[in-house]
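Asker: To be precise about what I am sending: the file is called start.cif and holds mmCIF, C-alpha atoms, pLDDT in the B column; chains and numbers go by the auth columns.
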```cif
data_data
loop_
_atom_site.group_PDB
_atom_site.id
_atom_site.type_symbol
_atom_site.label_atom_id
_atom_site.label_comp_id
_atom_site.label_asym_id
_atom_site.label_seq_id
_atom_site.Cartn_x
_atom_site.Cartn_y
_atom_site.Cartn_z
_atom_site.B_iso_or_equiv
_atom_site.auth_seq_id
_atom_site.auth_asym_id
ATOM 1 C CA MET A 1 20.462 -57.408 137.759 79.00 1 A
ATOM 2 C CA ASN A 2 21.261 -59.360 134.595 80.00 2 A
ATOM 3 C CA VAL A 3 25.035 -59.833 134.188 85.00 3 A
ATOM 4 C CA LEU A 4 26.387 -61.837 131.254 85.00 4 A
ATOM 5 C CA ASN A 5 29.952 -62.660 130.257 90.00 5 A
ATOM 6 C CA ILE A 6 30.891 -62.486 126.570 90.00 6 A
ATOM 7 C CA TYR A 7 33.717 -65.004 127.023 90.00 7 A
ATOM 8 C CA GLY A 8 31.369 -67.828 127.994 82.00 8 A
ATOM 9 C CA ALA A 9 29.961 -68.517 124.512 85.00 9 A
ATOM 10 C CA SER A 10 30.761 -71.992 123.179 86.00 10 A
ATOM 11 C CA THR A 11 29.626 -71.359 119.592 91.00 11 A
ATOM 12 C CA TRP A 12 30.700 -68.802 116.987 94.00 12 A
ATOM 13 C CA PHE A 13 27.463 -66.795 117.503 94.00 13 A
ATOM 14 C CA LYS A 14 25.259 -66.690 120.586 94.00 14 A
ATOM 15 C CA VAL A 15 22.410 -64.434 121.642 94.00 15 A
ATOM 16 C CA LEU A 16 23.091 -63.334 125.216 93.00 16 A
ATOM 17 C CA GLN A 17 19.855 -61.554 126.077 93.00 17 A
ATOM 18 C CA THR A 18 16.641 -60.397 124.486 94.00 18 A
ATOM 19 C CA THR A 19 14.113 -57.809 125.617 94.00 19 A
ATOM 20 C CA ASP A 20 11.114 -56.431 123.765 94.00 20 A
ATOM 21 C CA ARG A 21 13.270 -53.521 122.471 96.00 21 A
ATOM 22 C CA SER A 22 16.829 -54.842 122.081 96.00 22 A
ATOM 23 C CA GLN A 23 19.038 -57.882 121.856 96.00 23 A
ATOM 24 C CA THR A 24 22.732 -58.508 122.500 95.00 24 A
ATOM 25 C CA ALA A 25 24.870 -61.245 121.011 96.00 25 A
ATOM 26 C CA VAL A 26 28.506 -62.266 120.948 96.00 26 A
ATOM 27 C CA MET A 27 30.300 -63.472 117.821 97.00 27 A
ATOM 28 C CA SER A 28 33.720 -65.089 117.527 97.00 28 A
ATOM 29 C CA LEU A 29 35.297 -65.624 114.108 97.00 29 A
ATOM 30 C CA GLU A 30 38.400 -67.764 113.697 97.00 30 A
ATOM 31 C CA PRO A 31 41.058 -66.769 111.129 98.00 31 A
ATOM 32 C CA GLY A 32 39.577 -67.258 107.654 97.00 32 A
ATOM 33 C CA GLN A 33 36.009 -67.527 108.961 97.00 33 A
ATOM 34 C CA ALA A 34 33.245 -65.209 107.708 97.00 34 A
ATOM 35 C CA THR A 35 29.698 -64.467 108.819 97.00 35 A
ATOM 36 C CA GLY A 36 28.458 -66.240 105.717 94.00 36 A
ATOM 37 C CA GLU A 37 29.184 -66.856 102.067 95.00 37 A
ATOM 38 C CA HIS A 38 27.239 -63.744 101.029 96.00 38 A
ATOM 39 C CA ALA A 39 26.382 -60.429 102.627 97.00 39 A
ATOM 40 C CA GLU A 40 23.108 -60.427 104.576 96.00 40 A
ATOM 41 C CA SER A 41 20.749 -57.797 105.888 96.00 41 A
ATOM 42 C CA HIS A 42 18.320 -57.474 108.769 95.00 42 A
ATOM 43 C CA ARG A 43 14.951 -56.311 107.516 94.00 43 A
ATOM 44 C CA ASN A 44 13.809 -54.402 110.613 95.00 44 A
ATOM 45 C CA SER A 45 16.795 -54.263 112.962 97.00 45 A
ATOM 46 C CA GLN A 46 19.633 -51.806 113.262 98.00 46 A
ATOM 47 C CA GLN A 47 22.862 -53.588 114.254 98.00 47 A
ATOM 48 C CA LEU A 48 25.725 -52.114 116.244 98.00 48 A
ATOM 49 C CA LEU A 49 28.877 -54.250 116.108 98.00 49 A
ATOM 50 C CA LEU A 50 31.735 -53.510 118.530 98.00 50 A
ATOM 51 C CA LEU A 51 34.992 -55.322 117.785 98.00 51 A
ATOM 52 C CA ILE A 52 36.572 -56.342 121.102 97.00 52 A
ATOM 53 C CA GLU A 53 39.553 -58.386 119.876 97.00 53 A
ATOM 54 C CA GLY A 54 41.268 -58.954 116.522 97.00 54 A
ATOM 55 C CA LYS A 55 40.745 -57.454 113.072 97.00 55 A
ATOM 56 C CA LEU A 56 37.929 -57.910 110.574 98.00 56 A
ATOM 57 C CA LEU A 57 37.273 -57.020 106.981 98.00 57 A
ATOM 58 C CA ALA A 58 33.891 -55.293 107.106 98.00 58 A
ATOM 59 C CA GLU A 59 31.714 -55.156 103.998 98.00 59 A
ATOM 60 C CA VAL A 60 28.793 -52.792 104.563 98.00 60 A
ATOM 61 C CA ASP A 61 26.580 -51.675 101.672 97.00 61 A
ATOM 62 C CA GLY A 62 29.312 -52.710 99.219 95.00 62 A
ATOM 63 C CA GLU A 63 32.047 -50.673 100.966 97.00 63 A
ATOM 64 C CA LEU A 64 35.086 -52.572 102.299 97.00 64 A
ATOM 65 C CA ARG A 65 37.104 -51.475 105.317 97.00 65 A
ATOM 66 C CA THR A 66 39.423 -53.192 107.769 98.00 66 A
ATOM 67 C CA ILE A 67 38.334 -52.609 111.365 98.00 67 A
ATOM 68 C CA ALA A 68 40.342 -53.132 114.555 97.00 68 A
ATOM 69 C CA ALA A 69 39.615 -53.659 118.242 97.00 69 A
ATOM 70 C CA GLY A 70 37.637 -50.731 119.600 98.00 70 A
ATOM 71 C CA ASP A 71 35.908 -49.932 116.298 98.00 71 A
ATOM 72 C CA LEU A 72 32.113 -49.687 116.269 98.00 72 A
ATOM 73 C CA VAL A 73 30.120 -50.289 113.084 98.00 73 A
ATOM 74 C CA VAL A 74 26.516 -49.114 112.824 98.00 74 A
ATOM 75 C CA ILE A 75 24.453 -50.992 110.228 98.00 75 A
ATOM 76 C CA PRO A 76 21.000 -49.581 109.410 98.00 76 A
ATOM 77 C CA PRO A 77 18.082 -51.930 108.735 98.00 77 A
ATOM 78 C CA ASN A 78 18.008 -53.545 105.279 97.00 78 A
ATOM 79 C CA VAL A 79 21.707 -52.804 104.541 98.00 79 A
ATOM 80 C CA LYS A 80 23.726 -55.801 103.332 98.00 80 A
ATOM 81 C CA HIS A 81 26.813 -56.614 105.388 98.00 81 A
ATOM 82 C CA LYS A 82 29.408 -59.319 105.915 98.00 82 A
ATOM 83 C CA PHE A 83 32.414 -59.678 108.224 98.00 83 A
ATOM 84 C CA THR A 84 35.503 -61.787 107.504 98.00 84 A
ATOM 85 C CA ASN A 85 38.444 -62.518 109.785 98.00 85 A
ATOM 86 C CA GLU A 86 41.476 -62.084 107.547 93.00 86 A
ATOM 87 C CA GLY A 87 43.817 -61.901 110.552 93.00 87 A
ATOM 88 C CA LYS A 88 45.891 -64.522 112.324 95.00 88 A
ATOM 89 C CA THR A 89 44.011 -64.455 115.648 96.00 89 A
ATOM 90 C CA PRO A 90 40.339 -64.906 116.587 96.00 90 A
ATOM 91 C CA ALA A 91 38.075 -61.859 116.344 97.00 91 A
ATOM 92 C CA LEU A 92 35.480 -61.235 119.046 97.00 92 A
ATOM 93 C CA THR A 93 32.500 -58.891 118.696 98.00 93 A
ATOM 94 C CA VAL A 94 29.560 -57.761 120.771 98.00 94 A
ATOM 95 C CA ASN A 95 26.435 -56.983 118.742 97.00 95 A
ATOM 96 C CA VAL A 96 23.308 -55.056 119.649 98.00 96 A
ATOM 97 C CA TYR A 97 20.133 -55.387 117.561 97.00 97 A
ATOM 98 C CA CYS A 98 17.260 -52.925 117.885 97.00 98 A
ATOM 99 C CA PRO A 99 14.603 -54.273 117.725 97.00 99 A
ATOM 100 C CA PRO A 100 15.592 -57.926 118.335 95.00 100 A
ATOM 101 C CA GLU A 101 16.584 -59.875 115.226 94.00 101 A
ATOM 102 C CA TYR A 102 17.003 -63.480 116.347 91.00 102 A
ATOM 103 C CA PRO A 103 15.061 -65.924 118.510 84.00 103 A
ATOM 104 C CA PRO A 104 16.142 -65.760 122.176 86.00 104 A
ATOM 105 C CA ASN A 105 19.074 -68.107 122.936 78.00 105 A
ATOM 106 C CA GLU A 106 20.019 -68.431 119.230 76.00 106 A
ATOM 107 C CA LYS A 107 23.299 -70.290 118.754 80.00 107 A
ATOM 108 C CA GLY A 108 25.301 -70.520 115.558 71.00 108 A
#
```
Rewrite the coordinates I just gave you, this time as structure tokens.

Answerer:
Amino acid sequence: MNVLNIYGASTWFKVLQTTDRSQTAVMSLEPGQATGEHAESHRNSQQLLLLIEGKLLAEVDGELRTIAAGDLVVIPPNVKHKFTNEGKTPALTVNVYCPPEYPPNEKG
């Protein structure tokens, strides 16, 4: 049994596990922090982002929407996306990539 805790990450992005078919990661954005300067895409991977804590401004395929804890965003392969914490508290997400997107044990 492989049990991982999302609260143990010491960096803003950390891959938790990788198999041949999927990958999970945790991401924590401080107020004002974004996933990058520009929107990015994953060439082959679908991403599912579940917001656990906080609020984020989600930009997916040019559409902007504020998401809150409990919201799930599905991002198809090759679709540009960016997430920005415009709130006053940290935002915590769990991400699933199918197939895997990053090298195992990636840390940001």

Asker: Run through the PyMOL selection byres ((chain A and resi 13-28) around 6) on the given coordinates and return the selected residues as a PDB file with C-alpha atoms, in the frame of the given file.

Answerer:
```pdb
ATOM      1  CA  THR A  11      29.626 -71.359 119.592  1.00 91.00           C
ATOM      2  CA  TRP A  12      30.700 -68.802 116.987  1.00 94.00           C
ATOM      3  CA  LEU A  29      35.297 -65.624 114.108  1.00 97.00           C
ATOM      4  CA  ALA A  91      38.075 -61.859 116.344  1.00 97.00           C
ATOM      5  CA  LEU A  92      35.480 -61.235 119.046  1.00 97.00           C
ATOM      6  CA  THR A  93      32.500 -58.891 118.696  1.00 98.00           C
ATOM      7  CA  VAL A  94      29.560 -57.761 120.771  1.00 98.00           C
ATOM      8  CA  ASN A  95      26.435 -56.983 118.742  1.00 97.00           C
ATOM      9  CA  VAL A  96      23.308 -55.056 119.649  1.00 98.00           C
ATOM     10  CA  TYR A  97      20.133 -55.387 117.561  1.00 97.00           C
ATOM     11  CA  CYS A  98      17.260 -52.925 117.885  1.00 97.00           C
ATOM     12  CA  PRO A  99      14.603 -54.273 117.725  1.00 97.00           C
ATOM     13  CA  PRO A 100      15.592 -57.926 118.335  1.00 95.00           C
ATOM     14  CA  PRO A 104      16.142 -65.760 122.176  1.00 86.00           C
ATOM     15  CA  ASN A 105      19.074 -68.107 122.936  1.00 78.00           C
ATOM     16  CA  GLU A 106      20.019 -68.431 119.230  1.00 76.00           C
ATOM     17  CA  LYS A 107      23.299 -70.290 118.754  1.00 80.00           C
ATOM     18  CA  GLY A 108      25.301 -70.520 115.558  1.00 71.00           C
TER      19      GLY A 108
END
```

Asker: Write out as a list in words the residues lying within 8 Å of Leu72 in chain A, counting all atoms listed in the file and excluding same-chain residues fewer than 4 positions away.

Answerer: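 The residues that qualify are Leu48, Leu49, Leu50 and Leu51 of chain A.
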
Asker: Could you write out the selected residues, including C-alpha atoms, as a PDB file, in the coordinates of the input?

Answerer:
```pdb
ATOM      1  CA  LEU A  48      25.725 -52.114 116.244  1.00 98.00           C
ATOM      2  CA  LEU A  49      28.877 -54.250 116.108  1.00 98.00           C
ATOM      3  CA  LEU A  50      31.735 -53.510 118.530  1.00 98.00           C
ATOM      4  CA  LEU A  51      34.992 -55.322 117.785  1.00 98.00           C
TER       5      LEU A  51
END
```

Asker: Between A:Ser10, A:Asn5, A:Thr89, A:Ser41, which is the closest to Leu56 in chain A once you count only C-alpha atoms?

Answerer: A:Thr89

Asker: For the PyMOL selection byres ((chain A and resi 36) around 10), applied here, can you spell out every residue it catches as a ChimeraX atom specification?

Answerer: /A:33-35,37-40,81-84

Asker: Restricting the output to C-alpha atoms, write the selected residues as a PDB file, keeping the file's coordinate frame.

Answerer:
```
ATOM      1  CA  GLN A  33      36.009 -67.527 108.961  1.00 97.00           C
ATOM      2  CA  ALA A  34      33.245 -65.209 107.708  1.00 97.00           C
ATOM      3  CA  THR A  35      29.698 -64.467 108.819  1.00 97.00           C
ATOM      4  CA  GLU A  37      29.184 -66.856 102.067  1.00 95.00           C
ATOM      5  CA  HIS A  38      27.239 -63.744 101.029  1.00 96.00           C
ATOM      6  CA  ALA A  39      26.382 -60.429 102.627  1.00 97.00           C
ATOM      7  CA  GLU A  40      23.108 -60.427 104.576  1.00 96.00           C
ATOM      8  CA  HIS A  81      26.813 -56.614 105.388  1.00 98.00           C
ATOM      9  CA  LYS A  82      29.408 -59.319 105.915  1.00 98.00           C
ATOM     10  CA  PHE A  83      32.414 -59.678 108.224  1.00 98.00           C
ATOM     11  CA  THR A  84      35.503 -61.787 107.504  1.00 98.00           C
TER      12      THR A  84
END
```

Asker: Could you tell me how far CA of Leu64 in chain A lies from CA of Glu101 in chain A, in Å and to one decimal?

Answerer: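 Spanning CA of Leu64 in chain A to CA of Glu101 in chain A is a straight-line distance of 23.7 Å.
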
Asker: One decimal, Å: what's the distance from CA of Val73 in chain A over to CA of Ser45 in chain A, could you say?

Answerer: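 Calculated distance between CA of Val73 in chain A and CA of Ser45 in chain A is 13.9 Å.
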
Asker: Ala69 in chain A: which residues within 7 Å, counting only C-alpha atoms, same-chain residues fewer than 6 positions away excluded, as a count of residues only?

Answerer: 5

Asker: My list of candidates is A:His42, A:Asn85, A:Val79, A:Gln47. Which is closest to Ile67 in chain A when distances are computed with all atoms listed in the file?

Answerer: A:Asn85

Asker: One decimal, in Å: what's the spacing between CA of Lys80 in chain A and CA of Asn44 in chain A?

Answerer: 12.4 Å

Asker: Kindly add N, CA and C atoms to the incomplete range 46-79 of chain A and provide the output as a CSV table (one decimal), in the frame of the given file.

Answerer:
```
chain,number,residue,atom,x,y,z
A,46,GLN,N,18.3,-52.5,113.4
A,46,GLN,CA,19.6,-51.8,113.3
A,46,GLN,C,20.6,-52.6,114.1
A,47,GLN,N,21.8,-52.8,113.6
A,47,GLN,CA,22.9,-53.6,114.3
A,47,GLN,C,24.0,-52.7,114.6
A,48,LEU,N,24.5,-52.8,115.8
A,48,LEU,CA,25.7,-52.1,116.2
A,48,LEU,C,26.7,-53.2,116.6
A,49,LEU,N,27.9,-53.2,115.9
A,49,LEU,CA,28.9,-54.2,116.1
A,49,LEU,C,30.1,-53.6,116.7
A,50,LEU,N,30.5,-54.0,117.9
A,50,LEU,CA,31.7,-53.5,118.5
A,50,LEU,C,32.8,-54.6,118.5
A,51,LEU,N,33.9,-54.3,117.9
A,51,LEU,CA,35.0,-55.3,117.8
A,51,LEU,C,35.8,-55.2,119.1
A,52,ILE,N,35.9,-56.3,119.8
A,52,ILE,CA,36.6,-56.3,121.1
A,52,ILE,C,38.0,-56.8,120.9
A,53,GLU,N,38.2,-57.8,120.1
A,53,GLU,CA,39.6,-58.4,119.9
A,53,GLU,C,39.7,-58.7,118.4
A,54,GLY,N,40.9,-58.5,117.9
A,54,GLY,CA,41.3,-59.0,116.5
A,54,GLY,C,41.0,-57.9,115.5
A,55,LYS,N,41.0,-58.3,114.2
A,55,LYS,CA,40.7,-57.5,113.1
A,55,LYS,C,39.7,-58.2,112.2
A,56,LEU,N,38.9,-57.4,111.5
A,56,LEU,CA,37.9,-57.9,110.6
A,56,LEU,C,37.9,-57.1,109.3
A,57,LEU,N,37.6,-57.7,108.2
A,57,LEU,CA,37.3,-57.0,107.0
A,57,LEU,C,35.8,-56.8,107.0
A,58,ALA,N,35.3,-55.6,107.1
A,58,ALA,CA,33.9,-55.3,107.1
A,58,ALA,C,33.4,-54.9,105.7
A,59,GLU,N,32.4,-55.5,105.2
A,59,GLU,CA,31.7,-55.2,104.0
A,59,GLU,C,30.3,-54.7,104.4
A,60,VAL,N,30.1,-53.4,104.2
A,60,VAL,CA,28.8,-52.8,104.6
A,60,VAL,C,28.3,-52.0,103.4
A,61,ASP,N,27.2,-52.4,102.8
A,61,ASP,CA,26.6,-51.7,101.7
A,61,ASP,C,27.6,-51.6,100.5
A,62,GLY,N,28.4,-52.6,100.3
A,62,GLY,CA,29.3,-52.7,99.2
A,62,GLY,C,30.7,-52.0,99.5
A,63,GLU,N,30.8,-51.3,100.6
A,63,GLU,CA,32.0,-50.7,101.0
A,63,GLU,C,32.9,-51.6,101.8
A,64,LEU,N,34.2,-51.7,101.5
A,64,LEU,CA,35.1,-52.6,102.3
A,64,LEU,C,36.0,-51.7,103.2
A,65,ARG,N,36.2,-52.2,104.4
A,65,ARG,CA,37.1,-51.5,105.3
A,65,ARG,C,37.6,-52.5,106.4
A,66,THR,N,38.9,-52.4,106.7
A,66,THR,CA,39.4,-53.2,107.8
A,66,THR,C,39.2,-52.5,109.1
A,67,ILE,N,38.6,-53.2,110.1
A,67,ILE,CA,38.3,-52.6,111.4
A,67,ILE,C,39.2,-53.3,112.4
A,68,ALA,N,39.5,-52.6,113.5
A,68,ALA,CA,40.3,-53.1,114.6
A,68,ALA,C,39.6,-53.0,115.9
A,69,ALA,N,40.2,-53.7,116.9
A,69,ALA,CA,39.6,-53.7,118.2
A,69,ALA,C,39.3,-52.2,118.7
A,70,GLY,N,38.1,-52.0,119.2
A,70,GLY,CA,37.6,-50.7,119.6
A,70,GLY,C,36.8,-50.1,118.6
A,71,ASP,N,36.7,-50.5,117.3
A,71,ASP,CA,35.9,-49.9,116.3
A,71,ASP,C,34.5,-50.4,116.5
A,72,LEU,N,33.6,-49.4,116.2
A,72,LEU,CA,32.1,-49.7,116.3
A,72,LEU,C,31.5,-49.4,114.9
A,73,VAL,N,30.8,-50.4,114.4
A,73,VAL,CA,30.1,-50.3,113.1
A,73,VAL,C,28.6,-50.2,113.3
A,74,VAL,N,28.0,-49.2,112.7
A,74,VAL,CA,26.5,-49.1,112.8
A,74,VAL,C,25.9,-49.5,111.5
A,75,ILE,N,25.0,-50.5,111.5
A,75,ILE,CA,24.5,-51.0,110.2
A,75,ILE,C,22.9,-50.7,110.3
A,76,PRO,N,22.4,-49.9,109.4
A,76,PRO,CA,21.0,-49.6,109.4
A,76,PRO,C,20.2,-50.8,108.9
A,77,PRO,N,18.9,-50.8,109.2
A,77,PRO,CA,18.1,-51.9,108.7
A,77,PRO,C,18.2,-52.0,107.2
A,78,ASN,N,18.1,-53.3,106.7
A,78,ASN,CA,18.0,-53.5,105.3
A,78,ASN,C,19.3,-53.2,104.5
A,79,VAL,N,20.4,-53.1,105.2
A,79,VAL,CA,21.7,-52.8,104.5
A,79,VAL,C,22.5,-54.1,104.6
```
